[in-house]
Amino acid sequence: MAEKIITLPIIDLSTSDPTATAKSIHQACVECGFFYLVNHGIEDELFTKVFEESKKFFSLPLHEKLKLTRKEHRGYTPLYAEKLDPSLTGTVGDSKEGFYIGPMHDLEESSLNQWPSQEVLPSWRPTMISYHEKAVSAGRRLISLIALALNLDESFFEKIGALRSPSAFMRLLRYPGEPAALHEEAYGASAHSDYGMITLLATDGVRGLQACLE
């Protein structure tokens with residue numbers, strides 16, 4: 001059976017007509033569950049810097065990366081350390097490396113984050129903090145439009161406290177594109193559904209992401 005190719009809708013976060021945009025979001029979520037987000041307030045230069053700094057980290061020797069092995073859901077995860085689809089058998093794990101950065105809205109939460117040393121990657125931490133803050137800001141705006149899409153007041157989620165201390169996690173990922181062994185099935189990230197309210201996904205333009213509409 002041939003794969004069905006779907007063109008994802010585009011949602012403009014700088015809209016001057018939030019009601020119309022909310023309707024577009026509702027349609028996009030009902031029909032395919034995904035959409036492109038534009039005019040979100042994150043500059044192209046910052047995206048470029050984030051990908052550059054991410055590449056620098058994942059290019060470090062393994063022993064350097066393992067100094068930041070994940071704890072408290074923050075830090076480095078090596079190749080095959082995760083398997084997003086636990087029902088899979090015959091696989092060693094997902095073929096990806098990751099780095100988790102957690103919420104930074106207060107000192108206690110921020111202190112749990114792990115960071116590469118400034119001697120090794122001097123621009124890494126300020127770059128990731130800047131991106132995290134702007135992504136959270138974009139997420140807040142998007143969630144207000146989602147509230148309208150659900151026929152709720154635009155500030156509904158703000159009023160009930162859902163955004164008071166958002167558990168916003170940032171994940172940097174590297175996919176080497178090489179299977180663990182020729183006799184095994186290999187997935188960069190096996191089938192899964194994300195946790196949380198929304199996921200904002202930035203890519204470097206390399207193809208490979210697939211969305212299941214069933």
# chains A, B, ... in the order shown; residues from 1 in each chain; ligands from 1
>>> residues_around(residues="Leu68 of chain A", least_positions_apart="4", cutoff="7 Å", atoms="only C-alpha atoms", output="ChimeraX atom specification")
/A:75-76,114
>>> select_by_dssp(residues="segment 64-206 of chain A", states="alpha helix (DSSP H)", output="ChimeraX atom specification")
/A:64-65,107-110,124-149,156-159
>>> residues_around(residues="Pro103 of chain A", least_positions_apart="3", cutoff="10 Å", atoms="only C-alpha atoms", output="ChimeraX atom specification")
/A:74,106-113,129,132-133,136,165-170
>>> closest_residue(among="A:Pro176, A:Pro116, A:Pro122, A:Gly205", to="Leu60 of chain A", atoms="only C-alpha atoms")
A:Pro116
>>> atom_distance(atom1="atom CA of Phe51 of chain A", atom2="atom CA of Asp204 of chain A")
7.4 Å
>>> closest_residue(among="A:Ser155, A:Thr199, A:Gln118, A:Thr127", to="Thr48 of chain A", atoms="only C-alpha atoms")
A:Thr127
>>> residues_around(residues="segment 39-41 of chain A", least_positions_apart="5", cutoff="6 Å", atoms="only C-alpha atoms", output="list in words")
Asp12, Leu13, Ser14 and Ala138 of chain A
>>> write_last_selection(atoms="C-alpha atoms", output="PDB file, in the first residue's frame")
ATOM      1  CA  ASP A  12       1.236  32.000  12.195  1.00  0.00           C
ATOM      2  CA  LEU A  13       1.911  32.849  15.836  1.00  0.00           C
ATOM      3  CA  SER A  14       1.990  36.591  15.099  1.00  0.00           C
ATOM      4  CA  ALA A 138       6.271  30.768  22.060  1.00  0.00           C
TER       5      ALA A 138
END
>>> select_by_dssp(residues="chain A", states="strand (DSSP E)", output="list in words")
Ile10, Ile11, Asp12, Tyr36, Leu37, Val38, Gly75, Tyr76, Thr77, Glu97, Gly98, Phe99, Tyr100, Ile101, Met170, Arg171, Leu172, Leu173 and Arg174 of chain A
>>> residues_around(residues="Pro9 of chain A", least_positions_apart="5", cutoff="9 Å", atoms="only C-alpha atoms", output="list of chain:residue names")
A:Ser24, A:Ile25, A:Ala28, A:Phe34, A:Phe35, A:Tyr36, A:Leu37
